[in-house]
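Asker: Below are the structure tokens for one structure; questions will follow.
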Amino acid sequence: MPSKQIGKERIWFRYHDGSEPGLLFVHGAGGNSLSWILQYRHFRGKRIIVQPDLPGHGKSTGDGRESLVAYARFLKNLVTELGLSRVVVAGHSMGGGIALEFAINYPDLVEGLVLAGTGARLTVSGRIIDLVSTNPAALPKLLSKWICAPGVSRVIIKRSIAMLEQTDPKVLQKDFEACKRLDLTPEIDRIEAPAVVITGMQDRMTPVIMGRQLTQGLPNARHVILEGAGHMVMVEKAQEFNSTMDSFLHEIAQHKFRYR
């Protein structure tokens with residue numbers, strides 16, 4: 001993985017060259033770029049791919065951010081450093097909130113949005129907030145019951161939880177508290193870029209109703225619900241997720257948006 005010095009932070013990211021617009025993938029709270037490894041393999045050689053570890057996550061240094069708009073500002077700096085003129089931003093969970101902030105604040109950089117397991121508001125269970133501040137070691141066990149649909153491979157759950165276990169609890173706390181404060185409901189109608197919202201039917205953390213409300217609030221969006229998937233929808237149903245992204249990217253290229 002290449003890295004760049006951005007300010008005082010050394011940022012690691014998975015990168016592959018290709019055509020523009022580039023694909024910028026943003027992971028969720030306590031995660032890292034490995035969340036998107038199956039999308040990296042699928043799109044490798046087709047598009048420019050940028051999959052960063054956010055500050056304080058994965059291999060990147062730093063202390064995380066206090067707000068999702070601050071994470072969006074970081075991504076703007078990264079995109080500028082890489083010389084990209086426009087990107088399709090794919091964000092999962094907290095990363096979806098960051099993608100929305102990015103689109104609101106830097107619309108000229110956004111070709112489209114892929115919003116997975118996310119919403120304009122990101123409610124966080126009080127139990128999660130309590131554990132992350134008092135007993136972070138117990139958090140992975142709790143979330144292992146929530147992040148995937150019933151019957152999903154234990155390997156997928158184990159790998160997803162491993163990312164949480166590797167993240168500094170102080171960074172985790174910042175992530176979850178930033179998510180809890182987020183409410184972009186009054187602002188998302190300003191986003192003109194086309195968007196596809198992808199929700200797992202069995203998502204317990206950002207359920208279908210949140211995806212539906214997000215879609216209804218965006219001016220140019222459609223909602224795709226994947227059966228048999230939970231919160232880690234892009235991993236649990238990677239083939240269907242990637243196919244949805246392929247169709248969306250084709251629509252962008254052809255300027256044919258099948259939205260309202």
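Each chain in the structure tokens gets a letter, A, B and so on, in the order shown; residues start at 1 in every chain, and ligands are counted from 1 in the order they appear.
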Need to verify the contact set: Cys179 in chain A, 10 Å, only C-alpha atoms, exclusion of same-chain residues closer than 4 positions in sequence. Can you return it as a list in words?
Answerer: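 Contacts, in chain order: Gly28, Ala29, Glu66, Ser67, Leu68, Ser93, Met94, Gly95, Gly97, Ile98, Arg121, Leu122, Thr123, Val124, Gln173, Lys174, Asp175 and Asp183 of chain A.
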Asker: Compile the contact shell of Glu101 in chain A as a list in words: residues with an atom at most 9 Å away, counting only C-alpha atoms, same-chain residues fewer than 2 positions apart removed.
Answerer: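 The neighbour list is Leu68, Val69, Ala70, Tyr71, Ala72, Arg73, Gly96, Gly97, Ile98, Ala99, Ala103, Ile104, Asn105, Tyr106, Leu184 and Ile188 of chain A.
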Asker: Please identify which residues in range 4-217 of chain A DSSP calls strand (DSSP E or B) from the backbone, and express them as JSON, numbers by chain.
Answerer: {"A": [4, 5, 6, 9, 10, 11, 12, 13, 14, 15, 16, 19, 20, 21, 22, 23, 24, 25, 26, 47, 48, 49, 50, 51, 52, 87, 88, 89, 90, 91, 92, 110, 111, 112, 113, 114, 115, 116, 121, 183, 195, 196, 197, 198, 199, 200]}
Asker: Excluding range 213-225 of chain A and its own-chain neighbours fewer than 4 positions away, which residues fall within 9 Å of it when counting only C-alpha atoms? Please give them as an MDAnalysis selection string.
Answerer: chainID A and resid 113 118:121 185:201 208:209 229 244 257:260
Asker: Next, write the just-selected residues to a file, as a compact mmCIF listing (two decimals), in the first residue's frame, keeping N, CA and C atoms as the atom set.
Answerer:
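That gives us out_39.txt:
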```
# COMPACT_ATOMS: atom_id res chain seq x y z
N LEU A 113 -22.42 9.11 -5.93
CA LEU A 113 -22.31 8.59 -4.56
C LEU A 113 -22.86 7.16 -4.50
N THR A 118 -26.08 3.08 5.42
CA THR A 118 -25.91 4.39 6.03
C THR A 118 -27.21 5.18 5.96
N GLY A 119 -27.16 6.41 6.48
CA GLY A 119 -28.34 7.27 6.47
C GLY A 119 -27.93 8.72 6.65
N ALA A 120 -28.90 9.61 6.49
CA ALA A 120 -28.63 11.04 6.72
C ALA A 120 -28.44 11.31 8.21
N ARG A 121 -29.01 10.46 9.04
CA ARG A 121 -28.76 10.46 10.48
C ARG A 121 -28.19 9.10 10.83
N THR A 185 -30.23 15.60 7.52
CA THR A 185 -31.57 15.60 6.93
C THR A 185 -31.93 16.94 6.29
N PRO A 186 -31.64 18.09 6.94
CA PRO A 186 -32.02 19.37 6.32
C PRO A 186 -31.15 19.78 5.13
N GLU A 187 -30.02 19.07 4.92
CA GLU A 187 -29.05 19.52 3.93
C GLU A 187 -28.92 18.66 2.68
N ILE A 188 -29.37 17.40 2.74
CA ILE A 188 -29.07 16.50 1.63
C ILE A 188 -29.79 16.85 0.34
N ASP A 189 -30.83 17.68 0.42
CA ASP A 189 -31.49 18.09 -0.82
C ASP A 189 -30.63 19.02 -1.66
N ARG A 190 -29.48 19.44 -1.11
CA ARG A 190 -28.53 20.27 -1.86
C ARG A 190 -27.61 19.43 -2.74
N ILE A 191 -27.61 18.12 -2.55
CA ILE A 191 -26.70 17.25 -3.29
C ILE A 191 -27.28 16.95 -4.66
N GLU A 192 -26.64 17.41 -5.70
CA GLU A 192 -27.12 17.21 -7.06
C GLU A 192 -26.57 15.95 -7.71
N ALA A 193 -25.49 15.42 -7.20
CA ALA A 193 -24.86 14.24 -7.80
C ALA A 193 -25.81 13.05 -7.72
N PRO A 194 -25.82 12.20 -8.74
CA PRO A 194 -26.63 10.97 -8.67
C PRO A 194 -26.10 10.05 -7.58
N ALA A 195 -27.00 9.29 -6.98
CA ALA A 195 -26.62 8.42 -5.87
C ALA A 195 -27.39 7.11 -5.92
N VAL A 196 -26.73 6.06 -5.47
CA VAL A 196 -27.42 4.80 -5.23
C VAL A 196 -27.21 4.45 -3.76
N VAL A 197 -28.31 4.18 -3.08
CA VAL A 197 -28.29 3.80 -1.66
C VAL A 197 -28.49 2.29 -1.59
N ILE A 198 -27.55 1.58 -0.96
CA ILE A 198 -27.60 0.12 -0.90
C ILE A 198 -27.71 -0.31 0.56
N THR A 199 -28.79 -1.03 0.87
CA THR A 199 -29.06 -1.44 2.25
C THR A 199 -29.26 -2.94 2.31
N GLY A 200 -28.71 -3.58 3.32
CA GLY A 200 -28.99 -4.99 3.57
C GLY A 200 -30.36 -5.14 4.23
N MET A 201 -31.15 -6.07 3.74
CA MET A 201 -32.49 -6.27 4.29
C MET A 201 -32.45 -6.60 5.78
N VAL A 208 -33.42 -0.77 6.89
CA VAL A 208 -33.97 -0.37 5.59
C VAL A 208 -34.66 0.98 5.64
N ILE A 209 -35.36 1.28 6.72
CA ILE A 209 -36.09 2.55 6.82
C ILE A 209 -35.13 3.73 6.72
N ALA A 229 -28.47 -9.84 3.52
CA ALA A 229 -27.30 -9.07 3.94
C ALA A 229 -27.64 -8.24 5.16
N THR A 244 -24.40 -3.89 -8.75
CA THR A 244 -25.15 -2.64 -8.59
C THR A 244 -24.26 -1.44 -8.87
N PHE A 257 -29.87 8.43 -15.95
CA PHE A 257 -30.17 8.16 -14.56
C PHE A 257 -31.62 7.70 -14.44
N ARG A 258 -31.77 6.50 -13.92
CA ARG A 258 -33.13 5.95 -13.78
C ARG A 258 -33.65 6.24 -12.37
N TYR A 259 -33.68 7.53 -12.07
CA TYR A 259 -34.16 7.95 -10.76
C TYR A 259 -35.36 8.84 -10.97
N ARG A 260 -35.95 9.28 -9.86
CA ARG A 260 -37.13 10.13 -10.01
C ARG A 260 -36.73 11.52 -10.49
```
Asker: Env of range 78-91 of chain A: 8 Å cut, atoms = only C-alpha atoms, seq-sep filter 4 positions within chain, self excluded. Answer as a list in words.
Answerer: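 So, after excluding close chain neighbours, the residues are Ile6, Glu20, Pro21, Gly22, Leu23, Leu24, Phe25, Val26, His27, Gly28, Phe74, Gly95, Gly96, Gly97, Ile98, Ala99, Asp108, Leu109, Val110, Glu111, Gly112, Leu113, Val114, Leu115 and Ala116 of chain A.
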Asker: Could you pull out the helix (DSSP H, G or I) residues of range 23-259 of chain A from DSSP and send them as a short mmCIF file (atom, residue, chain, number, x, y, z; two decimals) with N, CA and C atoms, in the first residue's frame?
Answerer:
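Everything below was put into out_11.cif:
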```cif
data_model
loop_
_atom_site.label_atom_id
_atom_site.label_comp_id
_atom_site.auth_asym_id
_atom_site.auth_seq_id
_atom_site.Cartn_x
_atom_site.Cartn_y
_atom_site.Cartn_z
N SER A 33 -9.37 0.21 5.33
CA SER A 33 -9.60 0.00 3.90
C SER A 33 -9.89 -1.44 3.53
N LEU A 34 -9.54 -2.40 4.40
CA LEU A 34 -9.84 -3.80 4.10
C LEU A 34 -11.33 -4.07 4.00
N SER A 35 -12.15 -3.17 4.53
CA SER A 35 -13.60 -3.31 4.39
C SER A 35 -14.01 -3.41 2.93
N TRP A 36 -13.19 -2.81 2.05
CA TRP A 36 -13.54 -2.69 0.63
C TRP A 36 -12.67 -3.59 -0.25
N ILE A 37 -11.99 -4.59 0.30
CA ILE A 37 -11.05 -5.38 -0.48
C ILE A 37 -11.73 -6.10 -1.64
N LEU A 38 -12.96 -6.55 -1.47
CA LEU A 38 -13.64 -7.26 -2.56
C LEU A 38 -14.02 -6.31 -3.69
N GLN A 39 -14.26 -5.06 -3.37
CA GLN A 39 -14.51 -4.07 -4.41
C GLN A 39 -13.21 -3.69 -5.11
N TYR A 40 -12.12 -3.66 -4.37
CA TYR A 40 -10.81 -3.39 -4.98
C TYR A 40 -10.51 -4.46 -6.03
N ARG A 41 -10.71 -5.71 -5.68
CA ARG A 41 -10.42 -6.80 -6.62
C ARG A 41 -11.33 -6.73 -7.84
N HIS A 42 -12.57 -6.34 -7.63
CA HIS A 42 -13.53 -6.29 -8.75
C HIS A 42 -13.21 -5.16 -9.73
N PHE A 43 -12.88 -3.97 -9.20
CA PHE A 43 -12.70 -2.80 -10.05
C PHE A 43 -11.25 -2.56 -10.47
N LEU A 68 -17.66 14.30 11.19
CA LEU A 68 -17.59 13.72 9.86
C LEU A 68 -17.23 14.76 8.82
N VAL A 69 -17.58 16.02 9.06
CA VAL A 69 -17.18 17.06 8.12
C VAL A 69 -15.66 17.23 8.14
N ALA A 70 -15.02 16.98 9.28
CA ALA A 70 -13.56 17.04 9.36
C ALA A 70 -12.93 15.89 8.59
N TYR A 71 -13.54 14.71 8.65
CA TYR A 71 -13.07 13.59 7.83
C TYR A 71 -13.23 13.92 6.35
N ALA A 72 -14.35 14.56 5.98
CA ALA A 72 -14.56 14.95 4.58
C ALA A 72 -13.49 15.93 4.12
N ARG A 73 -13.11 16.85 5.01
CA ARG A 73 -12.05 17.81 4.68
C ARG A 73 -10.72 17.08 4.45
N PHE A 74 -10.46 16.07 5.26
CA PHE A 74 -9.26 15.25 5.06
C PHE A 74 -9.29 14.59 3.68
N LEU A 75 -10.43 14.02 3.29
CA LEU A 75 -10.53 13.36 2.00
C LEU A 75 -10.34 14.33 0.85
N LYS A 76 -10.83 15.54 1.01
CA LYS A 76 -10.63 16.56 -0.02
C LYS A 76 -9.14 16.81 -0.21
N ASN A 77 -8.40 16.89 0.88
CA ASN A 77 -6.96 17.10 0.81
C ASN A 77 -6.27 15.92 0.13
N LEU A 78 -6.71 14.71 0.43
CA LEU A 78 -6.13 13.51 -0.19
C LEU A 78 -6.40 13.49 -1.69
N VAL A 79 -7.63 13.76 -2.07
CA VAL A 79 -8.00 13.78 -3.49
C VAL A 79 -7.18 14.83 -4.24
N THR A 80 -7.01 15.98 -3.62
CA THR A 80 -6.22 17.04 -4.24
C THR A 80 -4.76 16.62 -4.38
N GLU A 81 -4.19 15.99 -3.33
CA GLU A 81 -2.81 15.51 -3.37
C GLU A 81 -2.60 14.50 -4.50
N MET A 94 -20.45 4.99 8.76
CA MET A 94 -19.89 6.31 9.01
C MET A 94 -19.30 6.88 7.72
N GLY A 95 -18.69 6.03 6.91
CA GLY A 95 -18.14 6.47 5.64
C GLY A 95 -19.20 7.03 4.71
N GLY A 96 -20.43 6.54 4.82
CA GLY A 96 -21.52 7.10 4.04
C GLY A 96 -21.85 8.52 4.49
N GLY A 97 -21.82 8.73 5.81
CA GLY A 97 -22.02 10.09 6.33
C GLY A 97 -20.91 11.02 5.87
N ILE A 98 -19.68 10.51 5.86
CA ILE A 98 -18.56 11.31 5.38
C ILE A 98 -18.74 11.63 3.89
N ALA A 99 -19.19 10.64 3.11
CA ALA A 99 -19.44 10.86 1.69
C ALA A 99 -20.48 11.96 1.46
N LEU A 100 -21.53 11.96 2.28
CA LEU A 100 -22.56 13.00 2.17
C LEU A 100 -21.97 14.37 2.50
N GLU A 101 -21.18 14.45 3.57
CA GLU A 101 -20.52 15.72 3.91
C GLU A 101 -19.59 16.17 2.78
N PHE A 102 -18.89 15.23 2.18
CA PHE A 102 -17.99 15.54 1.07
C PHE A 102 -18.79 16.13 -0.10
N ALA A 103 -19.93 15.52 -0.42
CA ALA A 103 -20.74 15.99 -1.54
C ALA A 103 -21.35 17.36 -1.27
N ILE A 104 -21.72 17.62 -0.02
CA ILE A 104 -22.30 18.91 0.34
C ILE A 104 -21.25 20.02 0.27
N ASN A 105 -20.05 19.71 0.74
CA ASN A 105 -19.01 20.74 0.87
C ASN A 105 -18.12 20.88 -0.36
N PRO A 107 -18.95 19.85 -3.93
CA PRO A 107 -19.77 19.28 -5.01
C PRO A 107 -19.04 19.18 -6.34
N ASP A 108 -18.11 20.07 -6.61
CA ASP A 108 -17.40 20.05 -7.90
C ASP A 108 -16.48 18.84 -8.04
N LEU A 109 -16.21 18.16 -6.94
CA LEU A 109 -15.33 16.99 -6.99
C LEU A 109 -16.11 15.68 -7.13
N GLY A 126 -26.99 3.50 22.70
CA GLY A 126 -26.39 3.95 23.95
C GLY A 126 -25.47 2.91 24.55
N ARG A 127 -25.77 1.65 24.28
CA ARG A 127 -24.94 0.56 24.80
C ARG A 127 -23.55 0.60 24.15
N ILE A 128 -23.51 0.93 22.85
CA ILE A 128 -22.22 1.03 22.16
C ILE A 128 -21.41 2.19 22.74
N ILE A 129 -22.06 3.35 22.90
CA ILE A 129 -21.38 4.52 23.44
C ILE A 129 -20.84 4.23 24.84
N ASP A 130 -21.63 3.52 25.64
CA ASP A 130 -21.20 3.20 27.00
C ASP A 130 -20.01 2.25 27.00
N LEU A 131 -20.07 1.20 26.17
CA LEU A 131 -18.99 0.23 26.15
C LEU A 131 -17.69 0.82 25.62
N VAL A 132 -17.79 1.67 24.58
CA VAL A 132 -16.57 2.19 23.98
C VAL A 132 -15.81 3.09 24.95
N SER A 133 -16.53 3.66 25.92
CA SER A 133 -15.87 4.54 26.90
C SER A 133 -15.49 3.82 28.19
N THR A 134 -16.20 2.73 28.53
CA THR A 134 -15.95 2.07 29.81
C THR A 134 -15.31 0.68 29.68
N PRO A 136 -14.09 -1.06 26.25
CA PRO A 136 -13.99 -1.25 24.81
C PRO A 136 -13.67 -2.69 24.40
N ALA A 137 -13.06 -3.45 25.28
CA ALA A 137 -12.73 -4.84 24.94
C ALA A 137 -13.99 -5.68 24.75
N ALA A 138 -15.11 -5.25 25.35
CA ALA A 138 -16.36 -6.00 25.22
C ALA A 138 -17.15 -5.62 23.97
N LEU A 139 -16.76 -4.52 23.31
CA LEU A 139 -17.51 -4.03 22.16
C LEU A 139 -17.52 -5.01 20.98
N PRO A 140 -16.38 -5.60 20.60
CA PRO A 140 -16.40 -6.53 19.47
C PRO A 140 -17.39 -7.69 19.65
N LYS A 141 -17.48 -8.23 20.85
CA LYS A 141 -18.40 -9.33 21.09
C LYS A 141 -19.84 -8.89 20.86
N LEU A 142 -20.18 -7.69 21.32
CA LEU A 142 -21.53 -7.17 21.11
C LEU A 142 -21.81 -6.98 19.63
N LEU A 143 -20.90 -6.30 18.94
CA LEU A 143 -21.13 -5.98 17.53
C LEU A 143 -21.10 -7.21 16.64
N ARG A 154 -18.87 -17.18 9.48
CA ARG A 154 -18.17 -16.67 10.66
C ARG A 154 -16.85 -15.99 10.27
N VAL A 155 -16.29 -16.37 9.13
CA VAL A 155 -15.04 -15.76 8.67
C VAL A 155 -15.27 -14.27 8.39
N ILE A 156 -16.40 -13.95 7.74
CA ILE A 156 -16.72 -12.55 7.44
C ILE A 156 -16.87 -11.76 8.73
N ILE A 157 -17.59 -12.33 9.70
CA ILE A 157 -17.79 -11.65 10.98
C ILE A 157 -16.45 -11.46 11.69
N LYS A 158 -15.64 -12.52 11.73
CA LYS A 158 -14.36 -12.45 12.43
C LYS A 158 -13.45 -11.39 11.83
N ARG A 159 -13.40 -11.31 10.50
CA ARG A 159 -12.53 -10.32 9.85
C ARG A 159 -13.04 -8.89 10.08
N SER A 160 -14.35 -8.73 10.09
CA SER A 160 -14.92 -7.40 10.33
C SER A 160 -14.64 -6.94 11.75
N ILE A 161 -14.78 -7.85 12.70
CA ILE A 161 -14.54 -7.51 14.10
C ILE A 161 -13.05 -7.26 14.36
N ALA A 162 -12.18 -7.96 13.65
CA ALA A 162 -10.74 -7.78 13.84
C ALA A 162 -10.32 -6.34 13.59
N MET A 163 -10.97 -5.68 12.62
CA MET A 163 -10.63 -4.29 12.34
C MET A 163 -10.95 -3.40 13.55
N LEU A 164 -12.09 -3.65 14.18
CA LEU A 164 -12.46 -2.90 15.38
C LEU A 164 -11.45 -3.11 16.50
N GLU A 165 -11.02 -4.36 16.67
CA GLU A 165 -10.10 -4.68 17.75
C GLU A 165 -8.74 -4.02 17.57
N PRO A 169 -9.14 2.61 21.10
CA PRO A 169 -10.45 2.93 21.67
C PRO A 169 -10.78 4.42 21.66
N LYS A 170 -9.78 5.27 21.78
CA LYS A 170 -10.04 6.72 21.75
C LYS A 170 -10.52 7.15 20.37
N VAL A 171 -9.98 6.54 19.33
CA VAL A 171 -10.43 6.83 17.96
C VAL A 171 -11.84 6.28 17.76
N LEU A 172 -12.08 5.08 18.26
CA LEU A 172 -13.42 4.49 18.18
C LEU A 172 -14.46 5.39 18.83
N GLN A 173 -14.14 5.89 20.01
CA GLN A 173 -15.08 6.76 20.72
C GLN A 173 -15.37 8.02 19.92
N LYS A 174 -14.34 8.62 19.33
CA LYS A 174 -14.56 9.80 18.50
C LYS A 174 -15.47 9.47 17.32
N ASP A 175 -15.22 8.32 16.69
CA ASP A 175 -16.03 7.91 15.54
C ASP A 175 -17.50 7.79 15.91
N PHE A 176 -17.77 7.04 16.97
CA PHE A 176 -19.17 6.80 17.33
C PHE A 176 -19.86 8.07 17.82
N GLU A 177 -19.16 8.90 18.53
CA GLU A 177 -19.76 10.15 18.99
C GLU A 177 -20.01 11.10 17.83
N ALA A 178 -19.11 11.11 16.83
CA ALA A 178 -19.32 11.92 15.63
C ALA A 178 -20.54 11.42 14.86
N CYS A 179 -20.69 10.10 14.78
CA CYS A 179 -21.86 9.53 14.11
C CYS A 179 -23.15 9.92 14.84
N LYS A 180 -23.10 9.85 16.16
CA LYS A 180 -24.30 10.15 16.95
C LYS A 180 -24.76 11.59 16.75
N ARG A 181 -23.81 12.51 16.53
CA ARG A 181 -24.16 13.92 16.35
C ARG A 181 -24.65 14.24 14.94
N ILE A 188 -29.37 17.40 2.74
CA ILE A 188 -29.07 16.50 1.63
C ILE A 188 -29.79 16.85 0.34
N ASP A 189 -30.83 17.68 0.42
CA ASP A 189 -31.49 18.09 -0.82
C ASP A 189 -30.63 19.02 -1.66
N ARG A 190 -29.48 19.44 -1.11
CA ARG A 190 -28.53 20.27 -1.86
C ARG A 190 -27.61 19.43 -2.74
N VAL A 208 -33.42 -0.77 6.89
CA VAL A 208 -33.97 -0.37 5.59
C VAL A 208 -34.66 0.98 5.64
N ILE A 209 -35.36 1.28 6.72
CA ILE A 209 -36.09 2.55 6.82
C ILE A 209 -35.13 3.73 6.72
N MET A 210 -33.92 3.59 7.25
CA MET A 210 -32.95 4.67 7.17
C MET A 210 -32.47 4.86 5.73
N GLY A 211 -32.26 3.76 5.02
CA GLY A 211 -31.88 3.86 3.62
C GLY A 211 -32.98 4.47 2.78
N ARG A 212 -34.22 4.09 3.10
CA ARG A 212 -35.37 4.63 2.36
C ARG A 212 -35.50 6.14 2.58
N GLN A 213 -35.35 6.56 3.83
CA GLN A 213 -35.45 7.99 4.13
C GLN A 213 -34.33 8.79 3.47
N LEU A 214 -33.13 8.22 3.44
CA LEU A 214 -32.01 8.88 2.78
C LEU A 214 -32.30 9.04 1.29
N THR A 215 -32.80 7.98 0.67
CA THR A 215 -33.11 8.02 -0.77
C THR A 215 -34.17 9.07 -1.07
N GLN A 216 -35.18 9.13 -0.23
CA GLN A 216 -36.26 10.10 -0.44
C GLN A 216 -35.78 11.54 -0.26
N GLY A 217 -34.76 11.74 0.57
CA GLY A 217 -34.26 13.09 0.81
C GLY A 217 -33.30 13.59 -0.25
N VAL A 233 -22.88 -5.09 4.10
CA VAL A 233 -23.54 -5.50 2.86
C VAL A 233 -22.55 -5.68 1.71
N MET A 234 -21.51 -4.87 1.63
CA MET A 234 -20.58 -4.95 0.49
C MET A 234 -19.68 -6.17 0.58
N VAL A 235 -19.62 -6.80 1.77
CA VAL A 235 -18.86 -8.03 1.96
C VAL A 235 -19.78 -9.24 1.91
N GLU A 236 -20.92 -9.13 2.57
CA GLU A 236 -21.86 -10.25 2.66
C GLU A 236 -22.45 -10.63 1.31
N ALA A 238 -21.17 -9.46 -1.92
CA ALA A 238 -20.22 -8.72 -2.76
C ALA A 238 -20.59 -8.75 -4.23
N GLN A 239 -21.01 -9.90 -4.74
CA GLN A 239 -21.33 -10.00 -6.17
C GLN A 239 -22.47 -9.08 -6.54
N GLU A 240 -23.55 -9.10 -5.75
CA GLU A 240 -24.71 -8.25 -6.02
C GLU A 240 -24.36 -6.78 -5.83
N PHE A 241 -23.56 -6.49 -4.81
CA PHE A 241 -23.15 -5.11 -4.54
C PHE A 241 -22.33 -4.58 -5.71
N ASN A 242 -21.34 -5.35 -6.17
CA ASN A 242 -20.49 -4.91 -7.26
C ASN A 242 -21.27 -4.75 -8.55
N SER A 243 -22.23 -5.64 -8.78
CA SER A 243 -23.08 -5.52 -9.97
C SER A 243 -23.90 -4.24 -9.93
N THR A 244 -24.40 -3.89 -8.75
CA THR A 244 -25.15 -2.64 -8.59
C THR A 244 -24.26 -1.44 -8.87
N MET A 245 -23.03 -1.48 -8.37
CA MET A 245 -22.09 -0.41 -8.65
C MET A 245 -21.76 -0.31 -10.14
N ASP A 246 -21.56 -1.47 -10.78
CA ASP A 246 -21.29 -1.47 -12.22
C ASP A 246 -22.40 -0.77 -12.99
N SER A 247 -23.64 -1.12 -12.67
CA SER A 247 -24.79 -0.51 -13.35
C SER A 247 -24.84 0.99 -13.11
N PHE A 248 -24.58 1.38 -11.87
CA PHE A 248 -24.60 2.80 -11.51
C PHE A 248 -23.52 3.57 -12.27
N LEU A 249 -22.32 3.02 -12.34
CA LEU A 249 -21.24 3.69 -13.05
C LEU A 249 -21.53 3.80 -14.54
N HIS A 250 -22.19 2.78 -15.09
CA HIS A 250 -22.59 2.82 -16.50
C HIS A 250 -23.61 3.93 -16.73
N GLU A 251 -24.56 4.06 -15.81
CA GLU A 251 -25.57 5.12 -15.92
C GLU A 251 -24.92 6.50 -15.88
N ILE A 252 -23.93 6.66 -15.01
CA ILE A 252 -23.23 7.94 -14.93
C ILE A 252 -22.52 8.23 -16.26
N ALA A 253 -21.83 7.23 -16.79
CA ALA A 253 -21.09 7.42 -18.03
C ALA A 253 -22.00 7.77 -19.20
N GLN A 254 -23.19 7.18 -19.20
CA GLN A 254 -24.13 7.40 -20.29
C GLN A 254 -25.09 8.56 -20.04
#
```
Asker: Measure the distance from CA of His231 in chain A to CA of Trp146 in chain A in Å and round it to one decimal.
Answerer: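 A separation of 7.7 Å between them.
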